[in-house]
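Visitor: Before we start, here is the structure in question, set down as structure tokens.
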Number of protein chains: 2
Amino acid sequence: MDNRPIGVFDSGLGGLTAVKALRRLLPGEDLIYFGDTARVPYGGRSRETLLKYARQDIAFLRSFDLKAVLIACGTVTSTSLDTLRKENDLPVLGVVEPSCREALAVTKNKKIGMIATLASARSGAYERTLKGLDADVQVVSQPCPLFVPLVENGRFRQGDVVIETVAREYLTPLIEAGVDTLILGCTHYPLLKDIIGEICGPGVTLIDSGAASARALRQQLAAEGRLTDRQQGETRFYVSDRPEDFEKLAAVFLEEPLSRGAERIDIEQY
Amino acid sequence: MDNRPIGVFDSGLGGLTAVKALRRLLPGEDLIYFGDTARVPYGGRSRETLLKYARQDIAFLRSFDLKAVLIACGTVTSTSLDTLRKENDLPVLGVVEPSCREALAVTKNKKIGMIATLASARSGAYERTLKGLDADVQVVSQPCPLFVPLVENGRFRQGDVVIETVAREYLTPLIEAGVDTLILGCTHYPLLKDIIGEICGPGVTLIDSGAASARALRQQLAAEGRLTDRQQGETRFYVSDRPEDFEKLAAVFLEEPLSRGAERIDIEQY
């Protein structure tokens with residue numbers, strides 16, 4: 001048993017889809033969430049910049065005594081997970097491997113699609129992981145650089161011609177390639193699940209990478225006997241820019257109001 | 001006469017519309033351009049974050065011996081110009097006042113529209129400046145948070161339903177308010193001139209804030225006898241993230257290939 005909190009971070013709001021899954025799966029755990037809203041979006045940045053930002057994000061989270069860190073960001077996981085694991089003496093989970101395992105468990109034709117930010121797609125991390133787990137799998141990747149700005153501006157509702165046009169453009173090559181499984185390789189994308197599902201049709205199973213990594217974390221903590229014995233945990237939110245802007249959209253991501261407000265910190269001090 | 005270079009900065013690519021105007025108006029001047037591509041976009045950030053970023057941007061530029069700094073960023077000008085002027089012992093020009101003066105010179109019905117980032121619109125800087133110059137003017141402001149991400153993703157061409165839908169949404173309230181002059185209060189927006197012009201119609205004059213500030217800078221240097229006597233100056237480009245990404249779109253903004261590549265610097269060292 002381990003009652004210390006779990007640290008979770010993302011560039012902005014996206015990681016809240018993982019928080020939502022964690023709250024559902026592990027309601028007793030305390031969570032510390034950091035959203036790097038002063039430097040969002042991460043998706044177009046270089047590896048060096050991303051590693052630097054991720055190190056600061058983890059250094060802030062580790063100012064608390066944590067039992068594990070969940071990198072709820074496809075971009076950081078894709079580009080920096082190995083280095084961050086080596087540098088930290090506690091379990092550090094990412095979103096790539098859990099979603100790859102779930103995708104391989106559901107695909108029938110072994111054609112898996114993967115949508116993510118530019119940096120994640122460029123890294124090749126999803127392809128490498130999928131092929132490492134099953135050499136026969138065929139992977140079709142598509143960067144979707146406008147999804148994060150559109151979601152962060154609240155444009156994720158069905159019937160919005162802007163998000164629907166952009167989504168159709170990004171998804172058409174994957175549909176034409178005949179994928180039967182699609183990894184949402186960025187934690188912002190579950191907000192677009194209805195739109196993506198409608199464009200791809202019922203023949204394509206969507207894999208939510210935040211939820212997959214929440215399930216993987218539960219499994220690991222359970223195996224190590226380190227789940228909490230509390231019934232009800234709490235979540236504290238920290239951001240690097242205006243808390244007000246974060247709080248408004250966070251309620252949409254979590255599909256419930258925040259129990260307490262977000263607090264602002266200066267991430268460049270870490 | 002003063003042959004030292006002029007420093008110019010923006011969050012990313014937008015300021016290049018001011019560089020283009022400067023190159024045309026003052027072809028003999030040397031320019032040092034810094035685009036903060038590791039931290040773009042600036043438009044949704046808080047005043048404190050923006051001031052911190054702008055101080056670092058100017059500190060980097062002043063590692064060169066400059067004769068003037070042009071803040072080719074509506075967001076930084078709107079939120080931080082006064083402070084930055086006080087802190088620097090050289091002329092620091094912004095994009096707000098020059099475009100306000102040009103707008104007042106052309107408006108006939110004294111109804112002026114202003115489009116900009118969220119932070120610029122929130123600051124109220126354009127309204128204050130316009131009303132300070134002419135108390136009778138009526139100002140209608142509209143934040144356009146998706147314009148910068150869309151432009152930085154290359155979506156600024158006529159016929160693109162995504163940018164045209166977003167632009168029509170943003171501009172309709174201004175058209176309905178009957179403005180006859182529209183300030184493009186962000187240096188990214190001149191790339192959208194054709195689309196904005198078509199939606200607003202011939203009755204609305206568009207004011208390019210980057211070009212207006214380039215004209216104001218020429219006037220000031222000429223009045224002080226500090227123009228260069230060179231015939232042909234050169235422009236050096238610095239960025240805080242991958243130069244390759246910057247170089248590709250920079251050629252589009254400048255409407256000519258870069259004479260030399262961009263160099264990457266670590267802005268957080270400044």
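Simple scheme: letters A, B, ... for chains in structure tokens order, numbers from 1 for residues in each chain, numbers from 1 for ligands in the order shown.
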Glu255 (chain B): which residues within 10 Å, counting only C-alpha atoms, same-chain residues fewer than 6 positions away excluded, as a list of chain:residue names?
Guide: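 So the residues in contact are B:Thr17, B:Lys20, B:Leu249.
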Visitor: Using only C-alpha atoms, please write the residues we just selected to a file, as an mmCIF file, in the first residue's frame.
Guide:
data_model
loop_
_atom_site.group_PDB
_atom_site.id
_atom_site.type_symbol
_atom_site.label_atom_id
_atom_site.label_comp_id
_atom_site.auth_asym_id
_atom_site.auth_seq_id
_atom_site.Cartn_x
_atom_site.Cartn_y
_atom_site.Cartn_z
ATOM 1 C CA THR B 17 5.440 41.045 -42.588
ATOM 2 C CA LYS B 20 9.190 42.757 -45.597
ATOM 3 C CA LEU B 249 7.251 29.441 -44.130
#
Visitor: Within 10 Å of Ile175 (chain A), counting only C-alpha atoms, which residues qualify if same-chain residues fewer than 6 places away don't, as a list in words?
Guide: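 With the cut-off at 10 Å, the set is Gly113, Val140, Arg168, Leu182, Ile199, Cys200, Gly201, Gly203 and Val204 of chain A.
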Visitor: Please identify the helix (DSSP H, G or I) residues within region 156-201 of chain A (assignment by DSSP from backbone atoms) and present them as a ChimeraX atom specification.
Guide: /A:161-176,189-200
Visitor: Just N, CA, C and O atoms for this one: save the residues we selected as a CSV table (one decimal), in the first residue's frame.
Guide:
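Listed below is the output, again32.csv:
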chain,number,residue,atom,x,y,z
A,161,VAL,N,-18.2,23.0,-39.1
A,161,VAL,CA,-17.6,22.8,-40.4
A,161,VAL,C,-16.1,22.9,-40.3
A,161,VAL,O,-15.4,22.2,-41.1
A,162,VAL,N,-15.6,23.7,-39.4
A,162,VAL,CA,-14.1,23.9,-39.4
A,162,VAL,C,-13.4,22.6,-38.9
A,162,VAL,O,-12.6,22.0,-39.6
A,163,ILE,N,-13.8,22.1,-37.7
A,163,ILE,CA,-13.1,20.9,-37.2
A,163,ILE,C,-13.5,19.7,-38.1
A,163,ILE,O,-12.6,18.8,-38.3
A,164,GLU,N,-14.7,19.7,-38.6
A,164,GLU,CA,-15.1,18.5,-39.4
A,164,GLU,C,-14.3,18.5,-40.8
A,164,GLU,O,-13.8,17.4,-41.2
A,165,THR,N,-14.0,19.7,-41.3
A,165,THR,CA,-13.2,19.7,-42.6
A,165,THR,C,-11.8,19.3,-42.3
A,165,THR,O,-11.2,18.5,-43.1
A,166,VAL,N,-11.2,19.8,-41.3
A,166,VAL,CA,-9.8,19.5,-40.9
A,166,VAL,C,-9.7,18.0,-40.6
A,166,VAL,O,-8.8,17.3,-41.1
A,167,ALA,N,-10.7,17.5,-39.8
A,167,ALA,CA,-10.6,16.1,-39.5
A,167,ALA,C,-10.8,15.2,-40.7
A,167,ALA,O,-10.0,14.2,-40.8
A,168,ARG,N,-11.6,15.6,-41.6
A,168,ARG,CA,-11.8,14.7,-42.8
A,168,ARG,C,-10.5,14.7,-43.6
A,168,ARG,O,-10.1,13.7,-44.1
A,169,GLU,N,-9.9,15.9,-43.7
A,169,GLU,CA,-8.6,15.9,-44.5
A,169,GLU,C,-7.6,15.0,-43.9
A,169,GLU,O,-6.9,14.3,-44.6
A,170,TYR,N,-7.4,15.1,-42.5
A,170,TYR,CA,-6.4,14.3,-41.9
A,170,TYR,C,-6.7,12.8,-41.9
A,170,TYR,O,-5.8,12.0,-42.0
A,171,LEU,N,-8.0,12.5,-41.9
A,171,LEU,CA,-8.4,11.0,-41.7
A,171,LEU,C,-8.5,10.3,-43.0
A,171,LEU,O,-8.4,9.1,-43.1
A,172,THR,N,-8.8,11.0,-44.1
A,172,THR,CA,-9.0,10.3,-45.4
A,172,THR,C,-7.9,9.4,-45.8
A,172,THR,O,-8.2,8.2,-46.2
A,173,PRO,N,-6.6,9.8,-45.7
A,173,PRO,CA,-5.6,8.8,-46.1
A,173,PRO,C,-5.6,7.5,-45.2
A,173,PRO,O,-5.3,6.4,-45.7
A,174,LEU,N,-6.0,7.6,-44.0
A,174,LEU,CA,-6.0,6.5,-43.1
A,174,LEU,C,-7.2,5.5,-43.5
A,174,LEU,O,-7.0,4.3,-43.5
A,175,ILE,N,-8.3,6.2,-43.8
A,175,ILE,CA,-9.5,5.4,-44.2
A,175,ILE,C,-9.2,4.7,-45.6
A,175,ILE,O,-9.4,3.5,-45.7
A,176,GLU,N,-8.5,5.4,-46.5
A,176,GLU,CA,-8.2,4.8,-47.8
A,176,GLU,C,-7.2,3.7,-47.6
A,176,GLU,O,-7.2,2.8,-48.4
A,189,TYR,N,-7.2,14.4,-28.2
A,189,TYR,CA,-8.0,13.9,-29.2
A,189,TYR,C,-9.3,13.2,-28.8
A,189,TYR,O,-10.3,13.1,-29.5
A,190,PRO,N,-9.4,12.6,-27.6
A,190,PRO,CA,-10.6,12.0,-27.1
A,190,PRO,C,-11.8,13.0,-27.2
A,190,PRO,O,-13.0,12.6,-27.3
A,191,LEU,N,-11.5,14.2,-27.1
A,191,LEU,CA,-12.6,15.3,-27.2
A,191,LEU,C,-13.2,15.2,-28.6
A,191,LEU,O,-14.3,15.7,-28.8
A,192,LEU,N,-12.4,14.7,-29.6
A,192,LEU,CA,-12.9,14.7,-31.0
A,192,LEU,C,-13.4,13.3,-31.3
A,192,LEU,O,-13.7,13.0,-32.5
A,193,LYS,N,-13.6,12.4,-30.3
A,193,LYS,CA,-14.0,11.0,-30.6
A,193,LYS,C,-15.3,10.9,-31.4
A,193,LYS,O,-15.3,10.1,-32.4
A,194,ASP,N,-16.3,11.7,-31.1
A,194,ASP,CA,-17.5,11.6,-31.9
A,194,ASP,C,-17.3,12.0,-33.4
A,194,ASP,O,-17.8,11.3,-34.3
A,195,ILE,N,-16.6,13.1,-33.6
A,195,ILE,CA,-16.3,13.5,-34.9
A,195,ILE,C,-15.5,12.5,-35.7
A,195,ILE,O,-15.8,12.1,-36.8
A,196,ILE,N,-14.4,12.0,-35.1
A,196,ILE,CA,-13.5,11.1,-35.7
A,196,ILE,C,-14.3,9.8,-36.0
A,196,ILE,O,-14.1,9.2,-37.0
A,197,GLY,N,-15.1,9.3,-35.0
A,197,GLY,CA,-15.8,8.1,-35.1
A,197,GLY,C,-16.8,8.2,-36.3
A,197,GLY,O,-17.0,7.2,-37.1
A,198,GLU,N,-17.4,9.3,-36.5
A,198,GLU,CA,-18.4,9.5,-37.5
A,198,GLU,C,-17.7,9.4,-38.9
A,198,GLU,O,-18.2,8.8,-39.8
A,199,ILE,N,-16.6,10.1,-39.0
A,199,ILE,CA,-15.8,10.1,-40.3
A,199,ILE,C,-15.3,8.7,-40.6
A,199,ILE,O,-15.3,8.3,-41.8
A,200,CYS,N,-14.7,8.1,-39.6
A,200,CYS,CA,-14.1,6.8,-39.9
A,200,CYS,C,-15.1,5.6,-40.0
A,200,CYS,O,-14.9,4.6,-40.7
Visitor: Per residue of chain B within 7 Å of chain A, what are the shortest atom pair and its distance in Å to one decimal, counting only C-alpha atoms, with rows by chain and residue number, as CSV?
Guide:
residue,atom,partner,partner_atom,distance
B:Ala38,CA,A:Arg45,CA,6.3
B:Arg39,CA,A:Arg39,CA,5.7
B:Arg45,CA,A:Ala38,CA,6.3
B:Ser46,CA,A:Arg242,CA,6.1
B:Pro149,CA,A:Pro149,CA,6.7
B:Val162,CA,A:Val162,CA,5.0
B:Thr165,CA,A:Val162,CA,6.8
B:Asp241,CA,A:Ser46,CA,6.3
B:Arg242,CA,A:Ser46,CA,6.1
Visitor: Can you tell me, as a PyMOL selection string, what residues are no more than 12 Å from Leu16 (chain B) when counting only C-alpha atoms, ignoring any on the same chain fewer than 6 positions away?
Guide: chain B and resi 8-10+22-23+31-35+70-73+186-191+209-211+214+235-238+246-247+249-256+258
Visitor: Go ahead and write the residues just picked, N, CA and C atoms, as a short mmCIF file (atom, residue, chain, number, x, y, z; two decimals), in the first residue's frame.
Guide:
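Output (out-v8.cif):
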data_model
loop_
_atom_site.label_atom_id
_atom_site.label_comp_id
_atom_site.auth_asym_id
_atom_site.auth_seq_id
_atom_site.Cartn_x
_atom_site.Cartn_y
_atom_site.Cartn_z
N VAL B 8 14.33 43.43 -34.61
CA VAL B 8 12.89 43.21 -34.82
C VAL B 8 12.55 41.87 -34.19
N PHE B 9 11.44 41.80 -33.43
CA PHE B 9 11.05 40.47 -32.94
C PHE B 9 9.55 40.27 -32.93
N ASP B 10 9.21 38.99 -32.94
CA ASP B 10 7.81 38.56 -32.86
C ASP B 10 7.80 37.17 -32.23
N LEU B 22 9.97 46.77 -44.04
CA LEU B 22 11.23 47.48 -43.76
C LEU B 22 12.22 47.31 -44.92
N ARG B 23 12.31 46.10 -45.46
CA ARG B 23 13.24 45.84 -46.56
C ARG B 23 12.87 46.69 -47.78
N LEU B 31 19.13 44.34 -40.59
CA LEU B 31 18.09 43.94 -39.64
C LEU B 31 18.51 42.65 -38.92
N ILE B 32 18.19 42.59 -37.63
CA ILE B 32 18.35 41.36 -36.86
C ILE B 32 16.94 40.94 -36.45
N TYR B 33 16.50 39.78 -36.92
CA TYR B 33 15.15 39.33 -36.61
C TYR B 33 15.19 38.17 -35.63
N PHE B 34 14.38 38.25 -34.59
CA PHE B 34 14.22 37.10 -33.70
C PHE B 34 12.76 36.65 -33.68
N GLY B 35 12.52 35.38 -33.97
CA GLY B 35 11.18 34.79 -33.90
C GLY B 35 11.18 33.74 -32.79
N LEU B 70 12.16 47.26 -33.08
CA LEU B 70 10.76 47.27 -33.49
C LEU B 70 10.09 46.01 -32.95
N ILE B 71 9.09 46.21 -32.09
CA ILE B 71 8.31 45.09 -31.58
C ILE B 71 7.26 44.76 -32.63
N ALA B 72 7.55 43.76 -33.46
CA ALA B 72 6.65 43.47 -34.58
C ALA B 72 5.60 42.46 -34.13
N CYS B 73 5.03 42.70 -32.98
CA CYS B 73 4.07 41.76 -32.37
C CYS B 73 2.99 42.58 -31.68
N CYS B 186 -2.40 42.27 -35.65
CA CYS B 186 -1.45 41.18 -35.41
C CYS B 186 -0.66 41.04 -36.69
N THR B 187 0.66 40.92 -36.57
CA THR B 187 1.50 40.92 -37.78
C THR B 187 1.38 39.64 -38.61
N HIS B 188 0.66 38.65 -38.10
CA HIS B 188 0.36 37.48 -38.94
C HIS B 188 -0.74 37.77 -39.96
N TYR B 189 -1.59 38.72 -39.64
CA TYR B 189 -2.83 38.83 -40.40
C TYR B 189 -2.69 39.35 -41.84
N PRO B 190 -1.64 40.10 -42.18
CA PRO B 190 -1.52 40.50 -43.59
C PRO B 190 -1.51 39.30 -44.55
N LEU B 191 -1.11 38.13 -44.07
CA LEU B 191 -1.19 36.93 -44.93
C LEU B 191 -2.63 36.59 -45.28
N SER B 209 -0.61 46.52 -39.70
CA SER B 209 0.10 47.15 -38.58
C SER B 209 1.61 47.02 -38.70
N GLY B 210 2.10 45.95 -39.31
CA GLY B 210 3.55 45.81 -39.50
C GLY B 210 4.08 46.87 -40.45
N ALA B 211 3.38 47.07 -41.56
CA ALA B 211 3.81 48.07 -42.55
C ALA B 211 3.70 49.47 -41.96
N ALA B 214 6.63 50.05 -39.76
CA ALA B 214 7.85 50.23 -40.56
C ALA B 214 7.93 51.67 -41.07
N THR B 235 19.75 40.97 -43.69
CA THR B 235 18.88 40.57 -42.59
C THR B 235 19.36 39.24 -42.05
N ARG B 236 19.55 39.19 -40.72
CA ARG B 236 19.92 37.93 -40.08
C ARG B 236 18.74 37.43 -39.26
N PHE B 237 18.47 36.14 -39.36
CA PHE B 237 17.30 35.55 -38.70
C PHE B 237 17.72 34.62 -37.58
N TYR B 238 17.11 34.79 -36.41
CA TYR B 238 17.33 33.90 -35.27
C TYR B 238 15.98 33.38 -34.80
N PHE B 246 10.98 27.14 -39.64
CA PHE B 246 10.86 28.58 -39.82
C PHE B 246 11.20 28.97 -41.25
N GLU B 247 12.29 28.43 -41.77
CA GLU B 247 12.78 28.86 -43.09
C GLU B 247 11.75 28.61 -44.19
N LEU B 249 8.36 28.48 -44.07
CA LEU B 249 7.25 29.44 -44.13
C LEU B 249 7.74 30.88 -44.26
N ALA B 250 8.98 31.15 -43.80
CA ALA B 250 9.49 32.52 -43.87
C ALA B 250 9.55 33.00 -45.32
N ALA B 251 9.91 32.11 -46.21
CA ALA B 251 9.99 32.47 -47.63
C ALA B 251 8.60 32.90 -48.13
N VAL B 252 7.55 32.27 -47.60
CA VAL B 252 6.18 32.63 -47.99
C VAL B 252 5.83 34.02 -47.45
N PHE B 253 6.17 34.27 -46.18
CA PHE B 253 5.87 35.56 -45.58
C PHE B 253 6.61 36.68 -46.31
N LEU B 254 7.88 36.45 -46.63
CA LEU B 254 8.70 37.49 -47.23
C LEU B 254 8.48 37.59 -48.74
N GLU B 255 7.83 36.58 -49.28
CA GLU B 255 7.65 36.47 -50.74
C GLU B 255 8.98 36.50 -51.48
N GLU B 256 10.03 35.96 -50.85
CA GLU B 256 11.32 35.76 -51.53
C GLU B 256 12.12 34.75 -50.70
N LEU B 258 15.04 33.17 -48.40
CA LEU B 258 15.97 33.77 -47.43
C LEU B 258 17.39 33.76 -48.02
#
